[in-house]
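Printed here is structure_0.csv (CSV, N, CA and C atoms):
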```
chain,number,residue,atom,x,y,z
A,277,MET,N,132.0,196.8,159.0
A,277,MET,CA,133.4,197.2,159.0
A,277,MET,C,133.8,197.8,160.3
A,278,ARG,N,132.9,198.6,160.9
A,278,ARG,CA,133.2,199.2,162.2
A,278,ARG,C,133.3,198.2,163.3
A,279,LYS,N,132.5,197.1,163.2
A,279,LYS,CA,132.6,196.1,164.2
A,279,LYS,C,134.0,195.3,164.1
A,280,ILE,N,134.5,195.2,162.9
A,280,ILE,CA,135.8,194.5,162.7
A,280,ILE,C,136.9,195.4,163.3
A,281,ASN,N,136.8,196.7,163.1
A,281,ASN,CA,137.8,197.6,163.7
A,281,ASN,C,137.8,197.6,165.2
A,282,ARG,N,136.6,197.5,165.8
A,282,ARG,CA,136.4,197.4,167.2
A,282,ARG,C,137.0,196.1,167.7
A,283,ASP,N,136.7,195.0,167.0
A,283,ASP,CA,137.3,193.7,167.4
A,283,ASP,C,138.8,193.7,167.3
A,284,ALA,N,139.3,194.3,166.3
A,284,ALA,CA,140.8,194.4,166.1
A,284,ALA,C,141.4,195.2,167.3
A,285,ARG,N,140.8,196.3,167.6
A,285,ARG,CA,141.2,197.1,168.8
A,285,ARG,C,141.2,196.3,170.1
A,286,ASN,N,140.1,195.5,170.2
A,286,ASN,CA,140.0,194.7,171.4
A,286,ASN,C,141.0,193.6,171.5
A,287,LEU,N,141.3,193.0,170.3
A,287,LEU,CA,142.4,192.0,170.3
A,287,LEU,C,143.7,192.6,170.7
A,288,ASP,N,144.0,193.8,170.2
A,288,ASP,CA,145.2,194.5,170.6
A,288,ASP,C,145.3,194.7,172.1
A,289,LEU,N,144.1,195.1,172.7
A,289,LEU,CA,144.1,195.3,174.2
A,289,LEU,C,144.3,194.0,174.9
A,290,LEU,N,143.7,193.0,174.4
A,290,LEU,CA,143.9,191.6,175.1
A,290,LEU,C,145.4,191.2,175.0
A,291,ALA,N,146.0,191.5,173.8
A,291,ALA,CA,147.4,191.2,173.7
A,291,ALA,C,148.2,192.0,174.7
A,292,ILE,N,147.9,193.2,175.0
A,292,ILE,CA,148.7,194.0,176.0
A,292,ILE,C,148.5,193.4,177.3
A,293,PHE,N,147.2,193.1,177.7
A,293,PHE,CA,147.0,192.5,179.0
A,293,PHE,C,147.7,191.1,179.1
A,294,HIS,N,147.8,190.4,178.0
A,294,HIS,CA,148.6,189.1,178.1
A,294,HIS,C,150.0,189.4,178.4
A,295,PHE,N,150.6,190.4,177.8
A,295,PHE,CA,152.0,190.8,178.1
A,295,PHE,C,152.2,191.2,179.6
A,296,ILE,N,151.2,192.0,180.1
A,296,ILE,CA,151.3,192.4,181.5
A,296,ILE,C,151.2,191.3,182.4
A,297,LEU,N,150.2,190.4,182.2
A,297,LEU,CA,150.1,189.2,183.1
A,297,LEU,C,151.2,188.2,182.9
A,298,ALA,N,151.8,188.1,181.8
A,298,ALA,CA,153.0,187.3,181.6
A,298,ALA,C,154.2,187.8,182.4
A,299,GLY,N,154.4,189.1,182.3
A,299,GLY,CA,155.5,189.7,183.1
A,299,GLY,C,155.3,189.5,184.6
A,300,LEU,N,154.1,189.7,185.1
A,300,LEU,CA,153.8,189.5,186.5
A,300,LEU,C,154.0,188.0,186.9
A,301,ASN,N,153.5,187.1,186.0
A,301,ASN,CA,153.7,185.7,186.3
A,301,ASN,C,155.1,185.3,186.3
A,302,LEU,N,155.9,185.8,185.4
A,302,LEU,CA,157.4,185.5,185.3
A,302,LEU,C,158.1,186.0,186.6
A,303,LEU,N,157.7,187.2,187.0
A,303,LEU,CA,158.3,187.8,188.2
A,303,LEU,C,157.9,187.0,189.5
A,304,LEU,N,156.7,186.6,189.6
A,304,LEU,CA,156.3,185.9,190.8
A,304,LEU,C,156.8,184.5,190.8
A,305,ALA,N,157.0,183.8,189.6
A,305,ALA,CA,157.6,182.5,189.6
A,305,ALA,C,159.1,182.6,189.9
A,306,THR,N,159.7,183.7,189.5
A,306,THR,CA,161.1,183.9,189.9
A,306,THR,C,161.3,184.1,191.4
A,307,LEU,N,160.4,184.7,192.0
A,307,LEU,CA,160.4,184.9,193.5
A,307,LEU,C,160.4,183.6,194.2
A,308,LEU,N,159.8,182.6,193.6
A,308,LEU,CA,159.7,181.3,194.3
A,308,LEU,C,161.0,180.6,194.4
A,309,ILE,N,162.1,181.2,193.8
A,309,ILE,CA,163.4,180.6,194.0
A,309,ILE,C,163.9,180.8,195.4
A,310,VAL,N,163.4,181.8,196.2
A,310,VAL,CA,163.8,182.0,197.5
A,310,VAL,C,163.6,180.7,198.4
A,311,PRO,N,162.4,180.1,198.4
A,311,PRO,CA,162.2,178.9,199.2
A,311,PRO,C,163.1,177.8,198.8
A,312,ILE,N,163.4,177.7,197.5
A,312,ILE,CA,164.3,176.7,197.0
A,312,ILE,C,165.7,176.8,197.6
A,313,ILE,N,166.2,178.1,197.6
A,313,ILE,CA,167.5,178.3,198.2
A,313,ILE,C,167.5,178.0,199.7
A,314,ILE,N,166.4,178.3,200.4
A,314,ILE,CA,166.3,178.0,201.8
A,314,ILE,C,166.3,176.5,202.0
A,315,ALA,N,165.5,175.8,201.2
A,315,ALA,CA,165.4,174.3,201.4
A,315,ALA,C,166.7,173.7,201.1
A,316,ALA,N,167.4,174.2,200.1
A,316,ALA,CA,168.8,173.6,199.8
A,316,ALA,C,169.7,173.9,200.9
A,317,ALA,N,169.7,175.1,201.5
A,317,ALA,CA,170.5,175.4,202.7
A,317,ALA,C,170.2,174.5,203.8
A,318,ILE,N,168.9,174.2,204.1
A,318,ILE,CA,168.6,173.3,205.2
A,318,ILE,C,169.1,171.9,204.9
A,319,LEU,N,168.9,171.5,203.7
A,319,LEU,CA,169.4,170.1,203.3
A,319,LEU,C,170.9,170.0,203.5
A,320,GLN,N,171.6,171.0,203.2
A,320,GLN,CA,173.1,171.0,203.3
A,320,GLN,C,173.6,171.3,204.7
A,321,GLY,N,172.7,171.7,205.6
A,321,GLY,CA,173.0,172.0,207.0
A,321,GLY,C,173.7,173.3,207.1
A,322,ARG,N,173.5,174.2,206.2
A,322,ARG,CA,174.2,175.5,206.2
A,322,ARG,C,173.3,176.6,206.8
A,323,LEU,N,172.1,176.2,207.1
A,323,LEU,CA,171.1,177.2,207.6
A,323,LEU,C,170.9,177.0,209.1
A,324,ASP,N,171.4,177.9,209.9
A,324,ASP,CA,171.3,177.8,211.3
A,324,ASP,C,170.3,178.9,211.8
A,325,LEU,N,169.1,178.4,212.3
A,325,LEU,CA,168.0,179.2,212.7
A,325,LEU,C,167.9,179.5,214.2
A,326,GLU,N,168.9,178.9,214.9
A,326,GLU,CA,168.8,179.0,216.4
A,326,GLU,C,169.0,180.5,216.8
A,327,TRP,N,169.7,181.3,216.1
A,327,TRP,CA,169.9,182.7,216.5
A,327,TRP,C,168.5,183.4,216.4
A,328,PHE,N,167.6,182.9,215.5
A,328,PHE,CA,166.4,183.6,215.2
A,328,PHE,C,165.3,183.2,216.1
A,329,CYS,N,165.1,181.9,216.3
A,329,CYS,CA,163.9,181.4,217.0
A,329,CYS,C,164.3,180.3,218.1
A,330,GLY,N,165.5,180.3,218.5
A,330,GLY,CA,165.9,179.4,219.6
A,330,GLY,C,166.1,178.0,219.1
A,331,PRO,N,166.4,177.0,220.0
A,331,PRO,CA,166.6,175.6,219.5
A,331,PRO,C,165.4,175.0,218.9
A,332,LEU,N,165.6,174.4,217.8
A,332,LEU,CA,164.5,173.7,217.0
A,332,LEU,C,164.8,172.2,217.0
A,333,PRO,N,163.7,171.5,216.9
A,333,PRO,CA,163.9,170.0,216.6
A,333,PRO,C,164.4,169.9,215.2
A,334,PRO,N,165.1,168.8,214.9
A,334,PRO,CA,165.7,168.7,213.5
A,334,PRO,C,164.5,168.5,212.5
A,335,ILE,N,164.8,169.2,211.4
A,335,ILE,CA,163.8,169.1,210.3
A,335,ILE,C,164.1,167.8,209.5
A,336,PRO,N,163.0,167.0,209.3
A,336,PRO,CA,163.2,165.8,208.5
A,336,PRO,C,163.7,166.1,207.1
A,337,GLU,N,164.6,165.3,206.6
A,337,GLU,CA,165.2,165.5,205.3
A,337,GLU,C,164.1,165.4,204.2
A,338,LEU,N,163.1,164.6,204.4
A,338,LEU,CA,162.1,164.5,203.4
A,338,LEU,C,161.3,165.8,203.2
A,339,VAL,N,161.1,166.6,204.3
A,339,VAL,CA,160.5,167.9,204.2
A,339,VAL,C,161.3,168.8,203.3
A,340,GLY,N,162.6,168.8,203.5
A,340,GLY,CA,163.4,169.7,202.6
A,340,GLY,C,163.4,169.3,201.2
A,341,TRP,N,163.4,168.0,200.9
A,341,TRP,CA,163.3,167.5,199.5
A,341,TRP,C,162.0,167.8,198.9
A,342,LEU,N,160.9,167.7,199.7
A,342,LEU,CA,159.6,168.0,199.2
A,342,LEU,C,159.4,169.5,198.8
A,343,VAL,N,159.9,170.3,199.7
A,343,VAL,CA,159.9,171.8,199.4
A,343,VAL,C,160.7,172.1,198.2
A,344,LEU,N,161.9,171.5,198.1
A,344,LEU,CA,162.7,171.7,196.9
A,344,LEU,C,162.1,171.3,195.6
A,345,VAL,N,161.5,170.1,195.6
A,345,VAL,CA,160.9,169.6,194.4
A,345,VAL,C,159.6,170.4,194.0
A,346,ILE,N,158.8,170.6,195.0
A,346,ILE,CA,157.5,171.2,194.7
A,346,ILE,C,157.7,172.7,194.2
A,347,PHE,N,158.6,173.4,194.9
A,347,PHE,CA,158.8,174.8,194.5
A,347,PHE,C,159.6,174.9,193.1
A,348,SER,N,160.4,173.9,192.9
A,348,SER,CA,161.1,173.9,191.6
A,348,SER,C,160.1,173.6,190.5
A,349,LEU,N,159.2,172.7,190.7
A,349,LEU,CA,158.1,172.5,189.7
A,349,LEU,C,157.3,173.8,189.5
A,350,LEU,N,157.0,174.5,190.6
A,350,LEU,CA,156.2,175.7,190.5
A,350,LEU,C,156.9,176.8,189.7
A,351,VAL,N,158.2,176.9,189.9
A,351,VAL,CA,159.0,177.9,189.2
A,351,VAL,C,159.0,177.5,187.7
A,352,VAL,N,159.2,176.3,187.3
A,352,VAL,CA,159.3,175.9,185.9
A,352,VAL,C,157.9,176.1,185.3
A,353,LEU,N,156.9,175.6,186.0
A,353,LEU,CA,155.5,175.8,185.4
A,353,LEU,C,155.2,177.3,185.2
A,354,GLY,N,155.6,178.1,186.2
A,354,GLY,CA,155.3,179.6,186.1
A,354,GLY,C,156.0,180.2,184.9
A,355,TRP,N,157.3,179.8,184.7
A,355,TRP,CA,158.0,180.3,183.6
A,355,TRP,C,157.4,179.8,182.3
A,356,VAL,N,157.1,178.6,182.2
A,356,VAL,CA,156.5,178.0,180.9
A,356,VAL,C,155.2,178.8,180.6
A,357,LEU,N,154.3,178.9,181.6
A,357,LEU,CA,153.1,179.6,181.4
A,357,LEU,C,153.3,181.1,181.0
A,358,GLY,N,154.2,181.7,181.7
A,358,GLY,CA,154.6,183.1,181.3
A,358,GLY,C,155.0,183.2,179.8
A,359,ILE,N,155.9,182.3,179.4
A,359,ILE,CA,156.3,182.3,178.0
A,359,ILE,C,155.2,182.0,177.1
A,360,LEU,N,154.3,181.1,177.4
A,360,LEU,CA,153.1,180.8,176.6
A,360,LEU,C,152.2,182.0,176.5
A,361,MET,N,152.1,182.8,177.6
A,361,MET,CA,151.3,184.0,177.5
A,361,MET,C,151.9,185.1,176.7
A,362,ILE,N,153.2,185.1,176.6
A,362,ILE,CA,153.9,186.1,175.8
A,362,ILE,C,153.6,185.7,174.3
A,363,PHE,N,153.7,184.5,174.0
A,363,PHE,CA,153.4,184.0,172.6
A,363,PHE,C,151.9,184.2,172.3
A,364,CYS,N,151.1,184.0,173.2
A,364,CYS,CA,149.6,184.2,173.0
A,364,CYS,C,149.4,185.7,172.7
A,365,GLY,N,150.0,186.6,173.4
A,365,GLY,CA,149.9,188.0,173.1
A,365,GLY,C,150.4,188.4,171.7
A,366,LEU,N,151.5,187.8,171.4
A,366,LEU,CA,152.1,188.1,170.0
A,366,LEU,C,151.1,187.5,169.0
A,367,TYR,N,150.6,186.4,169.2
A,367,TYR,CA,149.7,185.8,168.2
A,367,TYR,C,148.3,186.5,168.1
A,368,LEU,N,147.9,187.1,169.2
A,368,LEU,CA,146.7,187.9,169.2
A,368,LEU,C,146.9,189.2,168.4
A,369,GLN,N,148.1,189.7,168.5
A,369,GLN,CA,148.4,190.9,167.7
A,369,GLN,C,148.5,190.6,166.2
A,370,LYS,N,149.1,189.4,165.9
A,370,LYS,CA,149.2,189.0,164.5
A,370,LYS,C,148.0,188.4,163.9
A,371,ARG,N,147.0,188.1,164.8
A,371,ARG,CA,145.7,187.4,164.4
A,371,ARG,C,146.0,186.1,163.8
A,372,SER,N,146.9,185.3,164.4
A,372,SER,CA,147.2,184.0,163.9
A,372,SER,C,147.2,183.0,165.1
A,373,HIS,N,147.2,181.7,164.8
A,373,HIS,CA,147.2,180.6,165.8
A,373,HIS,C,146.0,180.7,166.7
A,374,TYR,N,144.9,180.6,166.2
A,374,TYR,CA,143.6,180.8,166.9
A,374,TYR,C,143.6,179.7,168.0
A,375,ASN,N,143.8,178.4,167.7
A,375,ASN,CA,143.7,177.4,168.6
A,375,ASN,C,144.7,177.5,169.8
A,376,PHE,N,145.9,177.9,169.5
A,376,PHE,CA,146.9,178.2,170.5
A,376,PHE,C,146.4,179.2,171.5
A,377,CYS,N,145.9,180.3,171.0
A,377,CYS,CA,145.4,181.4,171.9
A,377,CYS,C,144.3,180.9,172.7
A,378,PHE,N,143.4,180.1,172.2
A,378,PHE,CA,142.3,179.5,172.9
A,378,PHE,C,142.8,178.6,174.0
A,379,VAL,N,143.7,177.7,173.7
A,379,VAL,CA,144.2,176.8,174.8
A,379,VAL,C,145.0,177.5,175.9
A,380,VAL,N,145.8,178.5,175.5
A,380,VAL,CA,146.6,179.3,176.5
A,380,VAL,C,145.6,180.1,177.4
A,381,SER,N,144.6,180.6,176.8
A,381,SER,CA,143.6,181.3,177.5
A,381,SER,C,142.9,180.4,178.5
A,382,ALA,N,142.6,179.2,178.1
A,382,ALA,CA,142.0,178.2,179.1
A,382,ALA,C,143.0,177.9,180.2
A,383,LEU,N,144.3,177.8,179.9
A,383,LEU,CA,145.3,177.5,181.0
A,383,LEU,C,145.4,178.7,181.9
A,384,GLU,N,145.2,179.9,181.4
A,384,GLU,CA,145.3,181.1,182.2
A,384,GLU,C,144.3,181.1,183.3
A,385,CYS,N,143.2,180.4,183.1
A,385,CYS,CA,142.1,180.4,184.1
A,385,CYS,C,142.6,179.8,185.4
A,386,LEU,N,143.7,179.1,185.4
A,386,LEU,CA,144.2,178.5,186.6
A,386,LEU,C,144.9,179.5,187.5
A,387,LEU,N,145.2,180.7,186.9
A,387,LEU,CA,145.9,181.7,187.7
A,387,LEU,C,144.9,182.7,188.3
A,388,VAL,N,144.4,182.3,189.5
A,388,VAL,CA,143.3,183.0,190.1
A,388,VAL,C,143.9,184.3,190.8
A,389,PRO,N,143.3,185.4,190.7
A,389,PRO,CA,142.1,185.8,190.1
A,389,PRO,C,142.3,186.5,188.7
A,390,TYR,N,143.5,187.1,188.5
A,390,TYR,CA,143.7,187.9,187.3
A,390,TYR,C,143.7,187.0,186.0
A,391,GLY,N,144.4,185.8,186.1
A,391,GLY,CA,144.4,184.9,185.0
A,391,GLY,C,143.1,184.4,184.6
A,392,THR,N,142.3,184.2,185.6
A,392,THR,CA,140.9,183.7,185.4
A,392,THR,C,140.1,184.7,184.6
A,393,ILE,N,140.2,186.0,185.1
A,393,ILE,CA,139.5,187.1,184.4
A,393,ILE,C,140.0,187.2,182.9
A,394,LEU,N,141.3,187.3,182.8
A,394,LEU,CA,141.8,187.5,181.4
A,394,LEU,C,141.5,186.3,180.5
A,395,GLY,N,141.7,185.1,181.1
A,395,GLY,CA,141.4,183.9,180.3
A,395,GLY,C,140.0,183.8,179.9
A,396,ALA,N,139.1,184.0,180.8
A,396,ALA,CA,137.6,183.9,180.5
A,396,ALA,C,137.2,185.0,179.5
A,397,VAL,N,137.7,186.2,179.6
A,397,VAL,CA,137.3,187.3,178.7
A,397,VAL,C,137.9,186.9,177.3
A,398,THR,N,139.1,186.4,177.2
A,398,THR,CA,139.7,186.1,176.0
A,398,THR,C,139.0,184.9,175.3
A,399,ILE,N,138.6,183.9,176.1
A,399,ILE,CA,137.8,182.8,175.5
A,399,ILE,C,136.5,183.3,174.9
A,400,ILE,N,135.8,184.1,175.7
A,400,ILE,CA,134.5,184.6,175.3
A,400,ILE,C,134.7,185.4,174.0
A,401,PHE,N,135.7,186.3,174.0
A,401,PHE,CA,136.0,187.1,172.8
A,401,PHE,C,136.4,186.3,171.6
A,402,LEU,N,137.2,185.2,171.8
A,402,LEU,CA,137.6,184.4,170.7
A,402,LEU,C,136.5,183.6,170.1
A,403,LEU,N,135.4,183.3,170.9
A,403,LEU,CA,134.3,182.6,170.4
A,403,LEU,C,133.3,183.4,169.5
A,404,LYS,N,133.5,184.7,169.4
A,404,LYS,CA,132.7,185.5,168.5
A,404,LYS,C,133.0,185.2,167.0
A,405,ASN,N,132.0,185.1,166.2
A,405,ASN,CA,132.2,184.8,164.8
A,405,ASN,C,133.0,185.9,164.1
A,406,SER,N,132.8,187.1,164.4
A,406,SER,CA,133.6,188.2,163.8
A,406,SER,C,135.1,188.1,164.1
A,407,VAL,N,135.4,187.6,165.3
A,407,VAL,CA,136.8,187.5,165.7
A,407,VAL,C,137.4,186.3,164.9
A,408,LYS,N,136.6,185.2,164.8
A,408,LYS,CA,137.1,184.1,164.0
A,408,LYS,C,137.4,184.5,162.6
A,409,GLU,N,136.5,185.4,162.0
A,409,GLU,CA,136.8,185.8,160.6
A,409,GLU,C,138.1,186.6,160.5
A,410,ILE,N,138.4,187.4,161.6
A,410,ILE,CA,139.6,188.2,161.6
A,410,ILE,C,140.8,187.2,161.6
A,411,PHE,N,140.7,186.2,162.4
A,411,PHE,CA,141.8,185.2,162.4
A,411,PHE,C,141.9,184.4,161.1
A,412,ASP,N,140.8,184.1,160.5
A,412,ASP,CA,140.8,183.4,159.2
A,412,ASP,C,141.4,184.3,158.1
A,413,ALA,N,141.1,185.6,158.2
A,413,ALA,CA,141.6,186.5,157.1
A,413,ALA,C,143.1,186.8,157.4
A,414,GLY,N,143.5,186.8,158.7
A,414,GLY,CA,144.9,187.2,159.0
A,414,GLY,C,145.8,186.0,159.0
```
Can the structure in the file be given as structure tokens, please?
Amino acid sequence: MRKINRDARNLDLLAIFHFILAGLNLLLATLLIVPIIIAAAILQGRLDLEWFCGPLPPIPELVGWLVLVIFSLLVVLGWVLGILMIFCGLYLQKRSHYNFCFVVSALECLLVPYGTILGAVTIIFLLKNSVKEIFDAG
């Protein structure tokens, strides 16, 4: 009985850490909008950098489009992963959707270093039989 209480407390802590990392991930993904704005300004010819660093050779249009596309994908992926982490935290608190929590924890391992730590600890914790029993009961 005591072990189940400790596991439940640890699940609540993991949920809180998921919320914190999700907020951080959403914030950092939102900050990636700045290079998108700069790339769009370069593509439209509205960004004049000569006052800052002198005359520059023209920037190829392909570079602007690549920056625009790559950073847009990174923003969308960051937001999606942040939202998934929020749901994972909610499901850890409710002790439901075991497989969802497991998959999201595996995806978190891509966010080096904090996501890797949180994802690995969550996966190890979810593999315990007593935690599986808590999810089955809840």
TODO: Check the smallest atom-to-atom distance from each of A:Leu386, A:Leu366, A:Ile335, A:Ile309 to Leu350 in chain A using all atoms listed in the file, then report the winner.
DONE: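 Using all atoms listed in the file, the shortest distance to Leu350 in chain A belongs to A:Ile309.
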Open item on the list: Just to confirm, what's the straight-line distance from atom N of Gln369 in chain A to CA of Thr306 in chain A in Å (one decimal)?
Closed with: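 Between these atoms lies a distance of 25.7 Å.
Taking atom C of Ala316 in chain A as the reference point, CA of Val356 in chain A is found at 24.3 Å.
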Open item on the list: I'd like the interatomic distance between atom N of Arg285 in chain A and CA of Leu368 in chain A, to a tenth of an Å.
Closed with: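 If I compute the distance from atom N of Arg285 in chain A to CA of Leu368 in chain A, I get 10.4 Å.
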Open item on the list: Can you tell me which residues surround Leu297 in chain A at a distance of at most 8 Å, considering all atoms listed in the file, apart from same-chain residues fewer than 2 positions away, and format the answer as number ranges by chain?
Closed with: A: 291-295, 299-303, 357-358, 361-362, 390-391
Open item on the list: My list of candidates is A:Lys408, A:Ile296, A:Gln320, A:Val343. Which is closest to Tyr374 in chain A when distances are computed with only N, CA and C atoms?
Closed with: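 When distances to Tyr374 in chain A are compared using only N, CA and C atoms, the smallest one comes from A:Lys408.
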TODO: Excluding range 400-405 of chain A and any residue of its chain fewer than 5 positions from it, enumerate the residues within 9 Å of it, using only C-alpha atoms, and give them as a list in words.
DONE: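 Near range 400-405 of chain A, the qualifying residues are Asp283, Asn286, Leu287, Tyr374, Cys377, Phe378, Gly395 and Ile410 of chain A.
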TODO: Pick out the closest residue to Val352 in chain A from this set: A:Val397, A:Ser406, A:Asp412, A:Ala305. Count all atoms listed in the file.
DONE: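 Going through A:Val397, A:Ser406, A:Asp412, A:Ala305 one by one, the smallest distance to Val352 in chain A is for A:Ala305.
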Task: For Ile318 in chain A, the nearest of the candidates A:Leu360, A:Gly340, A:Val388, A:Val380, counting all atoms listed in the file - done: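 Checking each candidate against Ile318 in chain A, we get A:Gly340 as the closest.
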Open item on the list: Given only C-alpha atoms as the basis, pick out the residue of A:Leu308, A:Leu323, A:Val407, A:Val339 nearest to Asn281 in chain A.
Closed with: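 Nearest candidate to Asn281 in chain A out of A:Leu308, A:Leu323, A:Val407, A:Val339: A:Val407.
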Task: Phe376 in chain A surroundings by all atoms listed in the file, 8 Å radius, close-in-sequence under 5 positions cut, as a ChimeraX atom specification - done: /A:363-364,381-382
TODO: Pick out each residue of chain A that DSSP on the backbone tags as helix (DSSP H, G or I); I need them as a ChimeraX atom specification.
DONE: /A:278-307,309-320,326-329,337-370,374-384,390-402,405-413
